[in-house]
Each structure stands twice: as structure tokens, then as C-alpha cells.
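Colleague: CSV, C-alpha atoms, file entry_4.csv:
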chain,number,residue,atom,x,y,z
I,1,LEU,CA,58.1,69.5,86.1
I,2,ALA,CA,57.9,70.8,89.6
I,3,LYS,CA,54.9,69.6,91.6
I,4,THR,CA,52.9,72.2,93.4
I,5,THR,CA,50.7,72.0,96.5
I,6,GLN,CA,48.0,74.5,97.4
I,7,PRO,CA,45.1,74.6,99.8
I,8,ILE,CA,42.1,73.0,98.3
I,9,SER,CA,39.8,75.8,99.3
I,10,MET,CA,39.6,79.2,101.0
I,11,ASP,CA,36.9,81.5,102.2
I,12,SER,CA,37.0,85.3,102.5
I,13,TYR,CA,34.8,88.3,102.7
I,14,GLU,CA,34.5,91.3,100.4
I,15,GLY,CA,37.2,93.9,101.0
I,16,GLN,CA,39.6,91.6,102.7
I,17,GLU,CA,43.1,90.7,101.4
I,18,VAL,CA,43.5,87.1,100.4
I,19,ASN,CA,46.8,85.3,100.4
I,20,ILE,CA,47.1,81.9,98.7
I,21,THR,CA,50.4,80.0,99.3
I,22,CYS,CA,51.8,77.5,96.9
I,23,SER,CA,54.6,75.0,97.8
I,24,HIS,CA,57.0,73.9,95.1
I,25,ASN,CA,59.9,72.3,96.8
I,26,ASN,CA,61.4,70.9,93.6
I,27,ILE,CA,61.5,74.1,91.6
I,28,ALA,CA,64.3,74.2,89.0
I,29,THR,CA,66.6,77.0,88.3
I,30,ASN,CA,64.9,77.9,85.0
I,31,ASP,CA,61.4,77.7,86.4
I,32,TYR,CA,59.1,80.6,86.7
I,33,ILE,CA,56.0,80.7,88.9
I,34,THR,CA,52.7,81.5,87.2
I,35,TRP,CA,49.3,81.9,88.6
I,36,TYR,CA,46.1,81.5,86.7
I,37,GLN,CA,42.5,82.2,87.6
I,38,GLN,CA,39.5,80.2,86.3
I,39,PHE,CA,35.9,80.9,86.5
I,40,PRO,CA,33.3,78.2,85.9
I,41,SER,CA,32.9,77.2,82.2
I,42,GLN,CA,35.8,79.4,81.1
I,43,GLY,CA,39.4,78.8,80.2
I,44,PRO,CA,42.1,79.8,82.8
I,45,ARG,CA,43.3,83.4,82.7
I,46,PHE,CA,46.8,84.6,83.4
I,47,ILE,CA,47.1,86.6,86.6
I,48,ILE,CA,50.8,87.0,87.4
I,49,GLN,CA,54.2,85.5,86.9
I,50,GLY,CA,57.5,85.9,88.7
I,51,TYR,CA,60.9,84.4,89.3
I,52,LYS,CA,62.0,85.8,92.6
I,53,THR,CA,61.2,88.5,95.2
I,54,LYS,CA,58.1,90.4,94.5
I,55,VAL,CA,56.0,91.1,91.5
I,56,THR,CA,53.0,93.4,91.4
I,57,ASN,CA,50.5,94.2,88.7
I,58,GLU,CA,47.1,95.8,88.6
I,59,VAL,CA,45.3,92.8,90.0
I,60,ALA,CA,47.7,91.0,92.3
I,61,SER,CA,51.1,90.7,93.9
I,62,LEU,CA,53.3,87.6,94.0
I,63,PHE,CA,55.8,87.1,96.8
I,64,ILE,CA,58.6,84.6,96.3
I,65,PRO,CA,61.1,84.0,99.1
I,66,ALA,CA,64.8,83.6,98.4
I,67,ASP,CA,64.8,79.8,98.3
I,68,ARG,CA,61.9,79.9,95.8
I,69,LYS,CA,60.3,76.8,97.3
I,70,SER,CA,57.0,78.5,97.8
I,71,SER,CA,55.2,81.5,96.6
I,72,THR,CA,52.2,83.6,97.8
I,73,LEU,CA,49.6,85.1,95.6
I,74,SER,CA,48.1,88.2,97.2
I,75,LEU,CA,44.7,89.6,96.1
I,76,PRO,CA,44.0,93.0,97.7
I,77,ARG,CA,40.5,93.8,98.7
I,78,VAL,CA,38.7,91.0,97.1
I,79,SER,CA,35.2,91.3,95.7
I,80,LEU,CA,32.5,88.7,94.9
I,81,SER,CA,33.8,88.6,91.4
I,82,ASP,CA,37.1,87.1,92.6
I,83,THR,CA,35.3,83.9,93.5
I,84,ALA,CA,37.2,81.4,91.3
I,85,VAL,CA,39.7,78.6,91.2
I,86,TYR,CA,43.4,79.8,91.4
I,87,TYR,CA,46.1,77.6,90.0
I,88,CYS,CA,49.8,77.9,90.7
I,89,LEU,CA,52.1,76.4,88.0
I,90,VAL,CA,55.8,76.1,87.9
I,91,GLY,CA,57.8,75.7,84.8
I,92,ASP,CA,60.2,77.0,82.2
I,93,VAL,CA,58.4,79.6,80.2
I,94,GLY,CA,60.7,79.3,77.3
I,95,GLY,CA,59.9,77.0,74.4
I,96,TYR,CA,56.7,75.1,74.4
I,97,ASN,CA,56.7,73.1,77.6
I,98,LYS,CA,53.3,71.6,78.6
I,99,LEU,CA,51.6,73.0,81.6
I,100,ILE,CA,50.4,70.4,84.2
I,101,PHE,CA,47.8,71.7,86.5
I,102,GLY,CA,47.4,70.8,90.1
I,103,ALA,CA,44.2,70.8,92.0
I,104,GLY,CA,44.1,74.5,92.5
I,105,THR,CA,42.6,76.6,95.3
I,106,ARG,CA,38.9,77.2,95.2
I,107,LEU,CA,38.3,80.7,96.6
I,108,ALA,CA,34.9,81.7,97.8
I,109,VAL,CA,34.3,85.4,98.5
I,110,HIS,CA,31.3,86.1,100.7
I,111,PRO,CA,29.3,89.3,101.1
P,1,GLY,CA,47.3,90.7,74.0
P,2,ALA,CA,47.5,87.2,72.6
P,3,VAL,CA,44.1,85.6,72.0
P,4,VAL,CA,43.1,82.0,71.5
P,5,SER,CA,39.7,81.5,70.0
P,6,GLN,CA,37.9,78.2,70.5
P,7,HIS,CA,34.8,77.1,68.7
P,8,PRO,CA,32.1,76.0,69.3
P,9,SER,CA,31.6,77.0,72.9
P,10,ARG,CA,28.9,74.5,73.4
P,11,VAL,CA,27.9,71.4,71.5
P,12,ILE,CA,25.4,68.6,72.0
P,13,CYS,CA,25.8,65.4,70.0
P,14,LYS,CA,24.3,62.0,69.8
P,15,SER,CA,26.2,59.0,71.0
P,16,GLY,CA,28.3,57.4,68.2
P,17,THR,CA,28.8,60.6,66.2
P,18,SER,CA,31.9,62.7,65.9
P,19,VAL,CA,32.5,66.3,67.0
P,20,LYS,CA,35.2,68.7,65.9
P,21,ILE,CA,36.5,71.5,68.1
P,22,GLU,CA,38.6,74.2,66.6
P,23,CYS,CA,41.3,76.2,68.3
P,24,ARG,CA,42.8,79.3,66.6
P,25,SER,CA,45.5,81.7,67.6
P,26,LEU,CA,44.2,85.0,66.4
P,27,ASP,CA,47.2,87.3,66.6
P,28,PHE,CA,50.2,85.0,66.9
P,29,GLN,CA,51.5,81.9,65.4
P,30,ALA,CA,51.5,78.7,67.4
P,31,THR,CA,53.6,75.8,66.3
P,32,THR,CA,52.4,74.0,69.5
P,33,MET,CA,49.0,73.9,71.1
P,34,PHE,CA,47.8,72.0,74.0
P,35,TRP,CA,44.4,70.3,74.6
P,36,TYR,CA,42.9,69.8,78.0
P,37,ARG,CA,39.8,68.1,79.4
P,38,GLN,CA,38.1,69.2,82.6
P,39,PHE,CA,35.4,67.4,84.4
P,40,PRO,CA,33.1,69.2,86.9
P,41,LYS,CA,34.8,70.3,90.1
P,42,GLN,CA,38.1,68.9,88.8
P,43,SER,CA,41.3,70.4,87.5
P,44,LEU,CA,42.5,70.6,83.9
P,45,MET,CA,43.9,67.4,82.6
P,46,LEU,CA,46.4,67.6,79.7
P,47,MET,CA,45.3,65.3,76.9
P,48,ALA,CA,47.8,66.0,74.2
P,49,THR,CA,50.3,68.4,72.6
P,50,SER,CA,49.4,69.4,69.1
P,51,ASN,CA,52.4,70.1,66.8
P,52,GLU,CA,52.1,71.9,63.5
P,53,GLY,CA,53.0,69.7,60.6
P,54,SER,CA,53.6,66.6,62.7
P,55,LYS,CA,51.8,64.1,64.8
P,56,ALA,CA,50.4,65.1,68.2
P,57,THR,CA,51.9,63.7,71.4
P,58,TYR,CA,49.3,62.1,73.6
P,59,GLU,CA,49.4,61.8,77.4
P,60,GLN,CA,49.4,58.4,78.9
P,61,GLY,CA,45.9,56.9,79.0
P,62,VAL,CA,44.5,59.2,76.2
P,63,GLU,CA,43.2,57.2,73.2
P,64,LYS,CA,44.8,58.8,70.1
P,65,ASP,CA,42.3,57.0,67.8
P,66,LYS,CA,39.4,58.5,69.7
P,67,PHE,CA,40.7,62.0,70.1
P,68,LEU,CA,42.1,63.0,66.7
P,69,ILE,CA,44.2,66.1,66.6
P,70,ASN,CA,45.2,67.9,63.5
P,71,HIS,CA,47.5,71.0,63.5
P,72,ALA,CA,47.5,71.9,59.8
P,73,SER,CA,48.6,75.5,60.1
P,74,LEU,CA,50.4,77.8,62.4
P,75,THR,CA,47.1,79.2,63.7
P,76,LEU,CA,44.7,76.3,63.8
P,77,SER,CA,44.5,73.1,65.7
P,78,THR,CA,41.5,70.8,65.8
P,79,LEU,CA,40.4,68.1,68.2
P,80,THR,CA,37.9,65.6,66.9
P,81,VAL,CA,36.1,63.4,69.4
P,82,THR,CA,35.2,60.3,67.3
P,83,SER,CA,32.4,57.9,68.1
P,84,ALA,CA,31.5,60.0,71.1
P,85,HIS,CA,29.9,58.4,74.2
P,86,PRO,CA,28.3,60.0,77.2
P,87,GLU,CA,31.5,59.5,79.2
P,88,ASP,CA,33.2,61.9,76.8
P,89,SER,CA,31.0,64.7,78.0
P,90,SER,CA,33.3,67.2,79.4
P,91,PHE,CA,34.8,70.7,79.1
P,92,TYR,CA,37.6,70.8,76.5
P,93,ILE,CA,40.1,73.7,76.6
P,94,CYS,CA,43.0,74.5,74.2
P,95,SER,CA,46.0,76.6,75.0
P,96,ALA,CA,49.1,78.0,73.3
P,97,ASN,CA,52.2,79.9,74.2
P,98,PRO,CA,52.3,83.3,72.5
P,99,GLY,CA,56.0,83.5,73.3
P,100,GLN,CA,55.7,86.4,75.6
P,101,SER,CA,56.3,86.9,79.2
P,102,TYR,CA,52.8,86.7,80.4
P,103,GLY,CA,52.2,83.0,80.3
P,104,TYR,CA,50.2,80.7,78.1
P,105,THR,CA,46.9,81.8,76.7
P,106,PHE,CA,43.8,79.6,76.9
P,107,GLY,CA,40.7,79.3,74.8
P,108,SER,CA,37.3,79.9,76.4
P,109,GLY,CA,36.5,76.2,76.3
P,110,THR,CA,34.0,73.9,74.6
P,111,ARG,CA,31.3,72.2,76.6
P,112,LEU,CA,30.6,68.9,75.0
P,113,THR,CA,27.5,66.9,76.0
P,114,VAL,CA,26.9,63.5,74.5
P,115,VAL,CA,23.4,62.2,74.7
Could I get this structure in the form of C-alpha cells?
Modeller:
Amino acid sequence: LAKTTQPISMDSYEGQEVNITCSHNNIATNDYITWYQQFPSQGPRFIIQGYKTKVTNEVASLFIPADRKSSTLSLPRVSLSDTAVYYCLVGDVGGYNKLIFGAGTRLAVHP
Amino acid sequence: GAVVSQHPSRVICKSGTSVKIECRSLDFQATTMFWYRQFPKQSLMLMATSNEGSKATYEQGVEKDKFLINHASLTLSTLTVTSAHPEDSSFYICSANPGQSYGYTFGSGTRLTVV
């Protein structure tokens, strides 16, 4: 399982774009990159998943460079409700591989 | 989308008693489910992998006799915290892979408080 490294915390203001970068130098060929969001006293929630280049959905974009050793989660125009912990996980989505969580990034959005 | 339901959401029990937490996959079958524990301000820590019809696989340092896992059907896994102590107070979360491309699905968690 590839280890991931993220900033422990970030601060932003409402309306700004937030970019959270995750390093995963030992990513394997079959590994996908998945980001989860967790609010206090709730289970993590899937945000976005990608393998290479760029993926965009209704809530975020995921940028993955060609070497795939890092990835950046981009949250456009954050609001107070985006205050949460964001986890980057790397692994093979096939089968039933266990997910090992790193420390995550605690994002605080201020008014 | 795939939903994992966890019950109860909150439980308070006396020290020495046992508590059962249920995790159900509502719209998909899950031969494998995962149980996590999370202490305040910390990340999720994988406790064990629950396998339908066979024994669970526990992570290093997790007492299998204390945290009993049963996965009797393709939609239900249970975690029983036996002889609970205050240090077992934590947030317990289950997860399963619905087999689709949008990642694993997590339950809403169970806040266990042992008094």
C-alpha cells in the first residue's frame, strides 16, 4: 500500500479556491487515487477518484501529473460547509483491499 | 448510490458490559467489510476486515477476543465490544466496497461511551 503525505492543516476563506496536495511516491501501476471528506462525528464521504491527468465532478477537481507521484485536490469557491478533514488514499480499487488512512488535512474555512 | 447503514449511532454503556454495533449494506452485497476506530482529532485506524462466512482478519495490536466480529450474511457485519472499558470509548466506523468506481462507502459511525 502506497504511503501518502498531506499537509496537516490548511486555512482558507469563503469564496476562495483551495488546493490540497498529496504525495504518494510509491504509487503502484494498478493504484488509483481517491479523496474522502470527513465531518466531525460522521463517516468519510467519497469526493473524487482518478488514475491520471485530470478528473472533475460537481464538487471538486483532481489533478494528477504524468509521474503520478502526487495529486492535487482542488475545491472551487469553498464555503464554511467545506470545513472538514480531507484524506488522500492510494490503492487498487479492484477486489476488497483494505483502506489505510493517513493523517489527512484539516481544512478550516473562515468567513 | 451504495449505502452502508450503521446502528446505533450513539451508545453509552457501563464498564464491563458488552455492546454490539451493526453494519448493513442496504443496496449491495458485501462479502467484505472493514471496521475502523477513530479517537478525537485522530485519523481512522483500521481494526479488522470482516469476511462473510469466515473469520475476521484483525490488524496488529487489535484484540480479537475483545472485538468480536461476525459477518453472517452478505449484507450484515457486527462488531461486539466485549467487557467494555472507558478506554474503549471511541468512534467506530464500518465500510464496504460496493464494487463500483466511486470508492468505498462508509457508515455514519457509532459513538461509544463507556462509563
Colleague: For a quick test of understanding: name the residues of chain I lying within 12 Å of chain P when counting only C-alpha atoms, and present them as number ranges by chain.
Modeller: I: 8-9, 32-51, 57, 84-106
Colleague: Could you tell me how far CA of Val81 (chain P) sits from CA of Ile69 (chain P), in Å to one decimal place?
Modeller: 9.0 Å
Colleague: At what distance in Å, to one decimal, does CA of Glu59 (chain P) lie from CA of Thr78 (chain P)?
Modeller: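 Straight-line distance from CA of Thr78 (chain P) to CA of Glu59 (chain P) works out to 16.7 Å.
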Colleague: Between CA of Val78 (chain I) and CA of Lys52 (chain I), measure the distance and give it in Å to one decimal.
Modeller: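 Calculated distance between CA of Val78 (chain I) and CA of Lys52 (chain I) is 24.3 Å.
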Colleague: How big is the axis-aligned box around the listed atoms of region 42-45 of chain P once 8 Å is added on each side, and where is its centre? Give both in Å to one decimal, as JSON.
Modeller:
{"center_x": 41.0, "center_y": 69.0, "center_z": 85.7, "size_x": 21.8, "size_y": 19.2, "size_z": 22.2}
Colleague: Got a sec: who's within 6 Å of region 13-30 of chain I, counting only C-alpha atoms, leaving out chain neighbours fewer than 5 positions off, as an mmCIF file with C-alpha atoms, in the frame of the given file?
Modeller:
data_model
loop_
_atom_site.group_PDB
_atom_site.id
_atom_site.type_symbol
_atom_site.label_atom_id
_atom_site.label_comp_id
_atom_site.auth_asym_id
_atom_site.auth_seq_id
_atom_site.Cartn_x
_atom_site.Cartn_y
_atom_site.Cartn_z
ATOM 1 C CA ALA I 2 57.900 70.800 89.600
ATOM 2 C CA LYS I 3 54.900 69.600 91.600
ATOM 3 C CA THR I 4 52.900 72.200 93.400
ATOM 4 C CA THR I 5 50.700 72.000 96.500
ATOM 5 C CA GLN I 6 48.000 74.500 97.400
ATOM 6 C CA LYS I 69 60.300 76.800 97.300
ATOM 7 C CA SER I 70 57.000 78.500 97.800
ATOM 8 C CA SER I 71 55.200 81.500 96.600
ATOM 9 C CA THR I 72 52.200 83.600 97.800
ATOM 10 C CA LEU I 73 49.600 85.100 95.600
ATOM 11 C CA SER I 74 48.100 88.200 97.200
ATOM 12 C CA LEU I 75 44.700 89.600 96.100
ATOM 13 C CA PRO I 76 44.000 93.000 97.700
ATOM 14 C CA ARG I 77 40.500 93.800 98.700
ATOM 15 C CA VAL I 78 38.700 91.000 97.100
ATOM 16 C CA SER I 79 35.200 91.300 95.700
ATOM 17 C CA ASP I 92 60.200 77.000 82.200
ATOM 18 C CA VAL I 109 34.300 85.400 98.500
ATOM 19 C CA HIS I 110 31.300 86.100 100.700
ATOM 20 C CA PRO I 111 29.300 89.300 101.100
#
Colleague: Got a minute to add all heavy atoms to region 18-29 of chain I and dump it as a PDB file, keeping the file's coordinate frame?
Modeller:
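This is the output file part_28.pdb:
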ATOM      1  N   VAL I  18      43.409  88.547 100.435  1.00  0.00           N
ATOM      2  CA  VAL I  18      43.500  87.100 100.400  1.00  0.00           C
ATOM      3  C   VAL I  18      44.922  86.687  99.968  1.00  0.00           C
ATOM      4  O   VAL I  18      45.430  87.190  98.960  1.00  0.00           O
ATOM      5  CB  VAL I  18      42.480  86.474  99.461  1.00  0.00           C
ATOM      6  CG1 VAL I  18      42.728  84.978  99.285  1.00  0.00           C
ATOM      7  CG2 VAL I  18      41.071  86.712  99.990  1.00  0.00           C
ATOM      8  N   ASN I  19      45.512  85.796 100.726  1.00  0.00           N
ATOM      9  CA  ASN I  19      46.800  85.300 100.400  1.00  0.00           C
ATOM     10  C   ASN I  19      46.744  83.772 100.179  1.00  0.00           C
ATOM     11  O   ASN I  19      46.318  83.049 101.075  1.00  0.00           O
ATOM     12  CB  ASN I  19      47.844  85.589 101.494  1.00  0.00           C
ATOM     13  CG  ASN I  19      48.064  87.074 101.662  1.00  0.00           C
ATOM     14  OD1 ASN I  19      48.352  87.783 100.703  1.00  0.00           O
ATOM     15  ND2 ASN I  19      47.915  87.562 102.880  1.00  0.00           N
ATOM     16  N   ILE I  20      47.133  83.323  99.025  1.00  0.00           N
ATOM     17  CA  ILE I  20      47.100  81.900  98.700  1.00  0.00           C
ATOM     18  C   ILE I  20      48.578  81.453  98.520  1.00  0.00           C
ATOM     19  O   ILE I  20      49.286  81.990  97.661  1.00  0.00           O
ATOM     20  CB  ILE I  20      46.326  81.600  97.424  1.00  0.00           C
ATOM     21  CG1 ILE I  20      44.919  82.179  97.519  1.00  0.00           C
ATOM     22  CG2 ILE I  20      46.260  80.093  97.190  1.00  0.00           C
ATOM     23  CD1 ILE I  20      44.114  82.055  96.236  1.00  0.00           C
ATOM     24  N   THR I  21      48.981  80.493  99.320  1.00  0.00           N
ATOM     25  CA  THR I  21      50.400  80.000  99.300  1.00  0.00           C
ATOM     26  C   THR I  21      50.476  78.731  98.484  1.00  0.00           C
ATOM     27  O   THR I  21      49.628  77.853  98.591  1.00  0.00           O
ATOM     28  CB  THR I  21      50.928  79.849 100.675  1.00  0.00           C
ATOM     29  OG1 THR I  21      50.937  81.117 101.323  1.00  0.00           O
ATOM     30  CG2 THR I  21      52.354  79.321 100.621  1.00  0.00           C
ATOM     31  N   CYS I  22      51.520  78.634  97.722  1.00  0.00           N
ATOM     32  CA  CYS I  22      51.800  77.500  96.900  1.00  0.00           C
ATOM     33  C   CYS I  22      53.182  76.925  97.251  1.00  0.00           C
ATOM     34  O   CYS I  22      54.138  77.702  97.304  1.00  0.00           O
ATOM     35  CB  CYS I  22      51.696  77.830  95.430  1.00  0.00           C
ATOM     36  SG  CYS I  22      52.067  76.494  94.267  1.00  0.00           S
ATOM     37  N   SER I  23      53.280  75.651  97.485  1.00  0.00           N
ATOM     38  CA  SER I  23      54.600  75.000  97.800  1.00  0.00           C
ATOM     39  C   SER I  23      55.093  74.342  96.497  1.00  0.00           C
ATOM     40  O   SER I  23      54.340  73.637  95.824  1.00  0.00           O
ATOM     41  CB  SER I  23      54.445  74.000  98.880  1.00  0.00           C
ATOM     42  OG  SER I  23      54.068  74.614 100.084  1.00  0.00           O
ATOM     43  N   HIS I  24      56.366  74.570  96.218  1.00  0.00           N
ATOM     44  CA  HIS I  24      57.000  73.900  95.100  1.00  0.00           C
ATOM     45  C   HIS I  24      58.441  73.646  95.395  1.00  0.00           C
ATOM     46  O   HIS I  24      59.366  74.335  94.938  1.00  0.00           O
ATOM     47  CB  HIS I  24      56.860  74.803  93.792  1.00  0.00           C
ATOM     48  CG  HIS I  24      56.774  76.268  94.042  1.00  0.00           C
ATOM     49  ND1 HIS I  24      57.870  77.068  94.293  1.00  0.00           N
ATOM     50  CD2 HIS I  24      55.695  77.096  94.064  1.00  0.00           C
ATOM     51  CE1 HIS I  24      57.485  78.309  94.471  1.00  0.00           C
ATOM     52  NE2 HIS I  24      56.167  78.362  94.338  1.00  0.00           N
ATOM     53  N   ASN I  25      58.614  72.639  96.213  1.00  0.00           N
ATOM     54  CA  ASN I  25      59.900  72.300  96.800  1.00  0.00           C
ATOM     55  C   ASN I  25      60.952  71.936  95.695  1.00  0.00           C
ATOM     56  O   ASN I  25      62.159  72.087  95.904  1.00  0.00           O
ATOM     57  CB  ASN I  25      59.803  71.192  97.782  1.00  0.00           C
ATOM     58  CG  ASN I  25      59.082  71.649  99.031  1.00  0.00           C
ATOM     59  OD1 ASN I  25      59.336  72.742  99.539  1.00  0.00           O
ATOM     60  ND2 ASN I  25      58.178  70.830  99.520  1.00  0.00           N
ATOM     61  N   ASN I  26      60.485  71.382  94.584  1.00  0.00           N
ATOM     62  CA  ASN I  26      61.400  70.900  93.600  1.00  0.00           C
ATOM     63  C   ASN I  26      61.580  71.846  92.389  1.00  0.00           C
ATOM     64  O   ASN I  26      61.932  71.422  91.297  1.00  0.00           O
ATOM     65  CB  ASN I  26      60.965  69.524  93.056  1.00  0.00           C
ATOM     66  CG  ASN I  26      60.971  68.477  94.148  1.00  0.00           C
ATOM     67  OD1 ASN I  26      61.861  68.455  94.999  1.00  0.00           O
ATOM     68  ND2 ASN I  26      59.977  67.603  94.146  1.00  0.00           N
ATOM     69  N   ILE I  27      61.377  73.108  92.643  1.00  0.00           N
ATOM     70  CA  ILE I  27      61.500  74.100  91.600  1.00  0.00           C
ATOM     71  C   ILE I  27      62.898  74.098  90.997  1.00  0.00           C
ATOM     72  O   ILE I  27      63.885  74.021  91.736  1.00  0.00           O
ATOM     73  CB  ILE I  27      61.066  75.483  92.065  1.00  0.00           C
ATOM     74  CG1 ILE I  27      60.960  76.466  90.895  1.00  0.00           C
ATOM     75  CG2 ILE I  27      61.997  75.977  93.153  1.00  0.00           C
ATOM     76  CD1 ILE I  27      60.290  77.773  91.267  1.00  0.00           C
ATOM     77  N   ALA I  28      62.991  74.181  89.677  1.00  0.00           N
ATOM     78  CA  ALA I  28      64.300  74.200  89.000  1.00  0.00           C
ATOM     79  C   ALA I  28      64.765  75.607  88.759  1.00  0.00           C
ATOM     80  O   ALA I  28      63.986  76.555  88.799  1.00  0.00           O
ATOM     81  CB  ALA I  28      64.195  73.405  87.697  1.00  0.00           C
ATOM     82  N   THR I  29      66.036  75.719  88.461  1.00  0.00           N
ATOM     83  CA  THR I  29      66.600  77.000  88.300  1.00  0.00           C
ATOM     84  C   THR I  29      65.958  77.853  87.189  1.00  0.00           C
ATOM     85  O   THR I  29      65.789  79.058  87.327  1.00  0.00           O
ATOM     86  CB  THR I  29      68.134  76.875  87.927  1.00  0.00           C
ATOM     87  OG1 THR I  29      68.784  76.139  88.962  1.00  0.00           O
ATOM     88  CG2 THR I  29      68.811  78.229  87.780  1.00  0.00           C
TER      89      THR I  29
END
